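Dumped query_25.pdb below, it's PDB, C-alpha atoms, pLDDT in the B column:
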```pdb
ATOM      1  CA  MET A  17      41.658 -20.682   3.474  1.00 42.00           C
ATOM      2  CA  PHE A  18      38.986 -17.980   3.223  1.00 46.00           C
ATOM      3  CA  THR A  19      38.547 -15.487   0.452  1.00 46.00           C
ATOM      4  CA  ARG A  20      36.222 -12.541   0.525  1.00 47.00           C
ATOM      5  CA  ARG A  21      35.457  -9.795  -1.929  1.00 46.00           C
ATOM      6  CA  LYS A  22      37.213  -6.702  -0.661  1.00 52.00           C
ATOM      7  CA  ASP A  23      34.891  -4.228  -2.362  1.00 61.00           C
ATOM      8  CA  ILE A  24      31.749  -5.091  -0.376  1.00 82.00           C
ATOM      9  CA  ALA A  25      31.900  -4.147   3.284  1.00 89.00           C
ATOM     10  CA  VAL A  26      29.908  -5.721   6.086  1.00 94.00           C
ATOM     11  CA  PRO A  27      27.243  -3.230   7.265  1.00 95.00           C
ATOM     12  CA  GLU A  28      28.403  -1.298  10.316  1.00 95.00           C
ATOM     13  CA  VAL A  29      26.366   0.016  13.207  1.00 97.00           C
ATOM     14  CA  GLY A  30      24.450   3.075  12.021  1.00 97.00           C
ATOM     15  CA  ALA A  31      24.395   1.997   8.358  1.00 97.00           C
ATOM     16  CA  GLU A  32      21.239   1.109   6.484  1.00 97.00           C
ATOM     17  CA  ALA A  33      20.819  -2.663   6.280  1.00 97.00           C
ATOM     18  CA  PRO A  34      20.746  -3.986   2.707  1.00 97.00           C
ATOM     19  CA  GLU A  35      17.250  -5.047   1.650  1.00 97.00           C
ATOM     20  CA  PHE A  36      16.567  -8.690   0.884  1.00 97.00           C
ATOM     21  CA  ASN A  37      13.624 -10.725  -0.348  1.00 97.00           C
ATOM     22  CA  LEU A  38      14.374 -14.424   0.052  1.00 97.00           C
ATOM     23  CA  PRO A  39      12.462 -17.711   0.067  1.00 97.00           C
ATOM     24  CA  SER A  40      11.862 -19.389   3.405  1.00 96.00           C
ATOM     25  CA  ALA A  41      12.400 -23.023   4.363  1.00 95.00           C
ATOM     26  CA  GLN A  42       8.955 -22.792   5.977  1.00 90.00           C
ATOM     27  CA  GLY A  43       7.377 -21.596   2.709  1.00 91.00           C
ATOM     28  CA  GLY A  44       6.810 -18.185   1.154  1.00 93.00           C
ATOM     29  CA  GLN A  45       9.144 -15.207   0.835  1.00 95.00           C
ATOM     30  CA  LEU A  46      10.385 -12.735   3.406  1.00 96.00           C
ATOM     31  CA  ARG A  47      11.415  -9.138   2.735  1.00 97.00           C
ATOM     32  CA  LEU A  48      13.444  -7.347   5.409  1.00 97.00           C
ATOM     33  CA  SER A  49      11.462  -4.104   5.137  1.00 96.00           C
ATOM     34  CA  MET A  50       8.207  -6.020   5.687  1.00 94.00           C
ATOM     35  CA  ARG A  51       9.530  -7.435   8.997  1.00 94.00           C
ATOM     36  CA  THR A  52      11.096  -4.246  10.339  1.00 95.00           C
ATOM     37  CA  VAL A  53       7.718  -2.458  10.333  1.00 94.00           C
ATOM     38  CA  HIS A  54       6.740  -4.806  13.191  1.00 93.00           C
ATOM     39  CA  GLY A  55       9.881  -4.188  15.267  1.00 95.00           C
ATOM     40  CA  PRO A  56      13.580  -5.034  15.340  1.00 97.00           C
ATOM     41  CA  VAL A  57      14.839  -7.958  13.283  1.00 98.00           C
ATOM     42  CA  VAL A  58      17.709 -10.153  14.405  1.00 98.00           C
ATOM     43  CA  VAL A  59      19.394 -11.205  11.146  1.00 98.00           C
ATOM     44  CA  VAL A  60      21.639 -14.231  11.660  1.00 98.00           C
ATOM     45  CA  PHE A  61      23.858 -15.432   8.808  1.00 97.00           C
ATOM     46  CA  PHE A  62      24.959 -19.061   9.069  1.00 96.00           C
ATOM     47  CA  ARG A  63      27.119 -21.492   7.096  1.00 94.00           C
ATOM     48  CA  GLY A  64      24.725 -24.419   6.769  1.00 89.00           C
ATOM     49  CA  ALA A  65      23.599 -27.711   8.268  1.00 86.00           C
ATOM     50  CA  TRP A  66      27.171 -29.032   7.885  1.00 88.00           C
ATOM     51  CA  SER A  67      28.321 -26.565  10.570  1.00 91.00           C
ATOM     52  CA  GLU A  68      27.764 -28.096  14.000  1.00 94.00           C
ATOM     53  CA  GLU A  69      28.589 -24.723  15.585  1.00 94.00           C
ATOM     54  CA  ASP A  70      25.842 -22.976  13.610  1.00 95.00           C
ATOM     55  CA  VAL A  71      23.274 -25.679  14.404  1.00 95.00           C
ATOM     56  CA  ALA A  72      24.184 -25.408  18.113  1.00 95.00           C
ATOM     57  CA  TYR A  73      23.925 -21.602  17.952  1.00 96.00           C
ATOM     58  CA  PHE A  74      20.423 -21.810  16.475  1.00 95.00           C
ATOM     59  CA  GLU A  75      19.454 -24.415  19.077  1.00 95.00           C
ATOM     60  CA  ALA A  76      20.440 -21.872  21.764  1.00 95.00           C
ATOM     61  CA  LEU A  77      18.511 -19.135  19.936  1.00 95.00           C
ATOM     62  CA  SER A  78      15.444 -21.376  19.779  1.00 94.00           C
ATOM     63  CA  GLN A  79      15.483 -21.526  23.601  1.00 95.00           C
ATOM     64  CA  LYS A  80      15.062 -17.696  23.743  1.00 95.00           C
ATOM     65  CA  GLU A  81      12.950 -17.396  20.603  1.00 94.00           C
ATOM     66  CA  ASP A  82       9.607 -16.896  22.380  1.00 95.00           C
ATOM     67  CA  GLU A  83      11.091 -14.234  24.677  1.00 97.00           C
ATOM     68  CA  ILE A  84      12.663 -12.407  21.716  1.00 96.00           C
ATOM     69  CA  ASN A  85       9.306 -12.476  19.932  1.00 95.00           C
ATOM     70  CA  HIS A  86       7.546 -11.263  23.108  1.00 96.00           C
ATOM     71  CA  ALA A  87       9.942  -8.281  23.086  1.00 96.00           C
ATOM     72  CA  ARG A  88       8.440  -7.453  19.640  1.00 96.00           C
ATOM     73  CA  ALA A  89      11.435  -8.621  17.623  1.00 96.00           C
ATOM     74  CA  SER A  90      11.848 -11.434  15.162  1.00 95.00           C
ATOM     75  CA  VAL A  91      14.730 -13.719  14.257  1.00 96.00           C
ATOM     76  CA  VAL A  92      15.623 -14.370  10.625  1.00 97.00           C
ATOM     77  CA  GLY A  93      18.339 -16.852   9.670  1.00 97.00           C
ATOM     78  CA  ILE A  94      20.029 -16.604   6.260  1.00 97.00           C
ATOM     79  CA  GLY A  95      22.235 -19.249   4.711  1.00 96.00           C
ATOM     80  CA  ALA A  96      23.852 -19.311   1.265  1.00 95.00           C
ATOM     81  CA  ILE A  97      22.352 -22.773   0.820  1.00 94.00           C
ATOM     82  CA  GLU A  98      19.874 -24.747  -1.254  1.00 94.00           C
ATOM     83  CA  PRO A  99      16.205 -25.256  -0.216  1.00 95.00           C
ATOM     84  CA  ASP A 100      16.675 -28.856   0.992  1.00 94.00           C
ATOM     85  CA  GLU A 101      19.604 -27.846   3.195  1.00 93.00           C
ATOM     86  CA  ALA A 102      17.537 -24.984   4.655  1.00 94.00           C
ATOM     87  CA  ARG A 103      14.774 -27.413   5.621  1.00 94.00           C
ATOM     88  CA  GLU A 104      17.374 -29.770   7.133  1.00 93.00           C
ATOM     89  CA  PHE A 105      18.834 -26.858   9.113  1.00 94.00           C
ATOM     90  CA  VAL A 106      15.380 -26.055  10.544  1.00 94.00           C
ATOM     91  CA  ARG A 107      14.914 -29.704  11.574  1.00 93.00           C
ATOM     92  CA  ALA A 108      18.395 -29.995  13.076  1.00 92.00           C
ATOM     93  CA  SER A 109      18.264 -26.746  15.067  1.00 92.00           C
ATOM     94  CA  GLY A 110      14.627 -26.743  16.169  1.00 91.00           C
ATOM     95  CA  ILE A 111      14.256 -23.042  15.328  1.00 93.00           C
ATOM     96  CA  LYS A 112      10.697 -21.877  14.614  1.00 91.00           C
ATOM     97  CA  SER A 113      11.708 -18.504  13.157  1.00 91.00           C
ATOM     98  CA  TYR A 114      12.245 -17.870   9.481  1.00 94.00           C
ATOM     99  CA  VAL A 115      15.204 -19.652   7.915  1.00 96.00           C
ATOM    100  CA  LEU A 116      15.868 -18.186   4.487  1.00 97.00           C
ATOM    101  CA  TYR A 117      17.952 -19.654   1.716  1.00 96.00           C
ATOM    102  CA  ASP A 118      20.097 -17.460  -0.463  1.00 97.00           C
ATOM    103  CA  TYR A 119      20.890 -20.085  -3.091  1.00 93.00           C
ATOM    104  CA  VAL A 120      22.035 -17.463  -5.629  1.00 95.00           C
ATOM    105  CA  ARG A 121      24.203 -15.897  -2.876  1.00 95.00           C
ATOM    106  CA  ALA A 122      23.238 -12.322  -3.849  1.00 95.00           C
ATOM    107  CA  THR A 123      22.128 -11.285  -0.348  1.00 97.00           C
ATOM    108  CA  THR A 124      25.131 -12.889   1.333  1.00 96.00           C
ATOM    109  CA  ARG A 125      27.422 -11.057  -1.107  1.00 95.00           C
ATOM    110  CA  GLN A 126      25.512  -7.775  -0.649  1.00 96.00           C
ATOM    111  CA  TRP A 127      26.048  -7.993   3.138  1.00 97.00           C
ATOM    112  CA  GLY A 128      29.796  -8.629   2.591  1.00 95.00           C
ATOM    113  CA  LEU A 129      29.642 -12.113   4.125  1.00 96.00           C
ATOM    114  CA  LEU A 130      30.270 -14.456   1.199  1.00 94.00           C
ATOM    115  CA  GLU A 131      33.226 -16.778   1.794  1.00 91.00           C
ATOM    116  CA  LYS A 132      34.582 -19.780  -0.028  1.00 90.00           C
ATOM    117  CA  ASP A 133      36.717 -22.797   0.698  1.00 85.00           C
ATOM    118  CA  LYS A 134      37.520 -25.976  -1.206  1.00 88.00           C
ATOM    119  CA  GLU A 135      35.517 -28.266   1.067  1.00 87.00           C
ATOM    120  CA  HIS A 136      32.212 -26.358   1.232  1.00 84.00           C
ATOM    121  CA  GLY A 137      32.291 -23.973  -1.732  1.00 88.00           C
ATOM    122  CA  GLN A 138      30.617 -20.598  -1.186  1.00 90.00           C
ATOM    123  CA  TYR A 139      28.832 -19.998   2.105  1.00 91.00           C
ATOM    124  CA  ALA A 140      27.850 -17.233   4.509  1.00 93.00           C
ATOM    125  CA  ARG A 141      30.331 -16.169   7.148  1.00 93.00           C
ATOM    126  CA  PRO A 142      28.543 -16.282  10.533  1.00 96.00           C
ATOM    127  CA  ALA A 143      27.300 -12.876  11.648  1.00 97.00           C
ATOM    128  CA  VAL A 144      24.461 -11.397  13.689  1.00 98.00           C
ATOM    129  CA  PHE A 145      22.840  -7.998  13.134  1.00 98.00           C
ATOM    130  CA  ILE A 146      20.003  -6.280  14.932  1.00 98.00           C
ATOM    131  CA  VAL A 147      18.142  -4.057  12.486  1.00 98.00           C
ATOM    132  CA  ASP A 148      15.675  -1.486  13.837  1.00 97.00           C
ATOM    133  CA  SER A 149      12.370  -0.337  12.365  1.00 94.00           C
ATOM    134  CA  ASP A 150      14.207   2.310  10.288  1.00 94.00           C
ATOM    135  CA  ARG A 151      16.292  -0.504   8.717  1.00 96.00           C
ATOM    136  CA  LYS A 152      19.409   0.799  10.471  1.00 97.00           C
ATOM    137  CA  VAL A 153      21.918  -1.656  11.918  1.00 98.00           C
ATOM    138  CA  VAL A 154      21.947  -0.995  15.669  1.00 98.00           C
ATOM    139  CA  HIS A 155      24.152  -3.939  16.742  1.00 97.00           C
ATOM    140  CA  ALA A 156      26.526  -6.129  14.721  1.00 97.00           C
ATOM    141  CA  TRP A 157      28.709  -9.137  15.474  1.00 97.00           C
ATOM    142  CA  THR A 158      30.770 -11.045  12.916  1.00 94.00           C
ATOM    143  CA  GLY A 159      32.462 -14.374  13.451  1.00 86.00           C
ATOM    144  CA  GLU A 160      31.040 -15.663  16.715  1.00 83.00           C
ATOM    145  CA  GLY A 161      27.509 -14.641  17.566  1.00 91.00           C
ATOM    146  CA  PRO A 162      26.560 -13.209  20.939  1.00 97.00           C
ATOM    147  CA  PRO A 163      24.761 -15.409  23.468  1.00 97.00           C
ATOM    148  CA  ALA A 164      20.982 -15.554  22.998  1.00 96.00           C
ATOM    149  CA  GLU A 165      20.560 -13.803  26.370  1.00 97.00           C
ATOM    150  CA  GLU A 166      22.560 -10.830  25.081  1.00 97.00           C
ATOM    151  CA  ILE A 167      20.441 -10.620  21.938  1.00 97.00           C
ATOM    152  CA  LEU A 168      17.311 -10.630  24.104  1.00 97.00           C
ATOM    153  CA  ALA A 169      18.757  -7.889  26.331  1.00 97.00           C
ATOM    154  CA  ARG A 170      19.698  -5.704  23.334  1.00 97.00           C
ATOM    155  CA  VAL A 171      16.267  -6.164  21.752  1.00 97.00           C
ATOM    156  CA  SER A 172      14.569  -5.357  25.067  1.00 96.00           C
ATOM    157  CA  ASP A 173      16.643  -2.181  25.334  1.00 96.00           C
ATOM    158  CA  ILE A 174      15.394  -1.119  21.899  1.00 95.00           C
ATOM    159  CA  THR A 175      11.704  -1.965  22.425  1.00 94.00           C
ATOM    160  CA  GLY A 176      11.416  -1.339  26.164  1.00 93.00           C
ATOM    161  CA  LEU A 177       9.793  -4.758  26.615  1.00 91.00           C
TER     162      LEU A 177
END
```

Produce structure tokens that represent the structure in this file.
Amino acid sequence: MFTRRKDIAVPEVGAEAPEFNLPSAQGGQLRLSMRTVHGPVVVVFFRGAWSEEDVAYFEALSQKEDEINHARASVVGIGAIEPDEAREFVRASGIKSYVLYDYVRATTRQWGLLEKDKEHGQYARPAVFIVDSDRKVVHAWTGEGPPAEEILARVSDITGL
């Protein structure tokens, strides 16, 4: 059984993406507005290392990661998880891109993606957003993410690379 706050909507295409500044499993902090100045950002919310589907999705993304970066975009994963689980997620998925942990769940809530169940507590509902250099959401998928090839194609359409 899922519950979600009804008063916070998931950002829609054309809306300004909510800012975040979160710690990374790889060390340091990452602020959305600091990444978007370099090109589009693919923001991927995931449940955690306990989700085999999310690990598999990031494994598939890691196969296209270099091509996405070559198209002048970056991938940023966000989980409503603790630091140790974020590092485990990086190891399990093989992703080289930033994996951020939202252990206070403020960013996940702000993006309208905080869910809860008895088994796992509060976690991020899977979603993928492409945010352009103006911090506008230009593509959005909730639930199942698009194939990595589609993300690459959408990013290439934006950057022309």

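The residue that comes closest to A:Tyr114, out of A:Pro34, A:Pro162, A:Gly176, A:Gly44 and on the basis of only C-alpha atoms, is A:Gly44.
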
Inset, instruction - Select, counting only C-alpha atoms, all protein, DNA and RNA residues no farther than 6 Å from (19.8, -14.7, 6.8) in file coordinates, and express the selection as number ranges by chain. - result: A: 59-61, 92-95, 116

Can I get the selected residues back with C-alpha atoms, as a PDB file, in the frame of the given file?
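What ended up in again20.pdb:
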```pdb
ATOM      1  CA  VAL A  59      19.394 -11.205  11.146  1.00 98.00           C
ATOM      2  CA  VAL A  60      21.639 -14.231  11.660  1.00 98.00           C
ATOM      3  CA  PHE A  61      23.858 -15.432   8.808  1.00 97.00           C
ATOM      4  CA  VAL A  92      15.623 -14.370  10.625  1.00 97.00           C
ATOM      5  CA  GLY A  93      18.339 -16.852   9.670  1.00 97.00           C
ATOM      6  CA  ILE A  94      20.029 -16.604   6.260  1.00 97.00           C
ATOM      7  CA  GLY A  95      22.235 -19.249   4.711  1.00 96.00           C
ATOM      8  CA  LEU A 116      15.868 -18.186   4.487  1.00 97.00           C
TER       9      LEU A 116
END
```

Inset, instruction - Please evaluate the PyMOL selection byres ((chain A and resi 134-140) around 8) against the displayed coordinates and give the resulting residues as a list in words. - result: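 Residues picked by the PyMOL selection byres ((chain A and resi 134-140) around 8): Phe61, Phe62, Arg63, Gly64, Gly95, Ala96, Ile97, Arg121, Thr124, Leu129, Leu130, Glu131, Lys132, Asp133, Arg141 and Pro142 of chain A.
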
Inset, instruction - Tell me which protein, DNA and RNA residues are within 12 Å of stretch 100-108 of chain A, counting only C-alpha atoms, leaving out same-chain ones fewer than 4 positions away, and put them as number ranges by chain. - result: A: 38-43, 62-75, 78, 92-96, 112-119

Can you pull out every residue within 9 Å of A:His155, counting only C-alpha atoms, but drop anything in the same chain fewer than 3 positions away, and send it as a PDB file with C-alpha atoms, keeping the file's coordinate frame?
```pdb
ATOM      1  CA  GLU A  28      28.403  -1.298  10.316  1.00 95.00           C
ATOM      2  CA  VAL A  29      26.366   0.016  13.207  1.00 97.00           C
ATOM      3  CA  GLY A  30      24.450   3.075  12.021  1.00 97.00           C
ATOM      4  CA  VAL A 144      24.461 -11.397  13.689  1.00 98.00           C
ATOM      5  CA  PHE A 145      22.840  -7.998  13.134  1.00 98.00           C
ATOM      6  CA  ILE A 146      20.003  -6.280  14.932  1.00 98.00           C
ATOM      7  CA  VAL A 147      18.142  -4.057  12.486  1.00 98.00           C
ATOM      8  CA  ARG A 170      19.698  -5.704  23.334  1.00 97.00           C
TER       9      ARG A 170
END
```

Draw an axis-aligned box tight on the listed atoms of stretch 169-177 of chain A, then pad every side by 3 Å and write out centre and edge lengths in Å to one decimal as lines of an AutoDock Vina configuration file.
```
center_x = 14.7
center_y = -4.5
center_z = 24.2
size_x = 15.9
size_y = 12.8
size_z = 10.9
```

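For the pair atom CA of A:Ala164 and atom CA of A:Gln45, the interatomic distance is 25.1 Å.
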
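The coordinates place atom CA of A:Ile111 at 8.5 Å from atom CA of A:Gln79.
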
Legend entry - Residue members of the PyMOL selection byres ((chain A and resi 167) around 12) in the file shown, as a PyMOL selection string: chain A and resi 56-60+76-77+80-81+83-85+87+89-91+144-147+154-157+161-166+168-174

Compile the contact shell of A:Ala33 as a compact mmCIF listing (two decimals) with C-alpha atoms, keeping the file's coordinate frame: residues with an atom at most 8 Å away, counting all atoms listed in the file, same-chain residues fewer than 3 positions apart removed.
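Everything below was put into result-v5.txt:
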```txt
# COMPACT_ATOMS: atom_id res chain seq x y z
CA PRO A 27 27.24 -3.23 7.26
CA VAL A 147 18.14 -4.06 12.49
CA ARG A 151 16.29 -0.50 8.72
CA LYS A 152 19.41 0.80 10.47
CA VAL A 153 21.92 -1.66 11.92
```
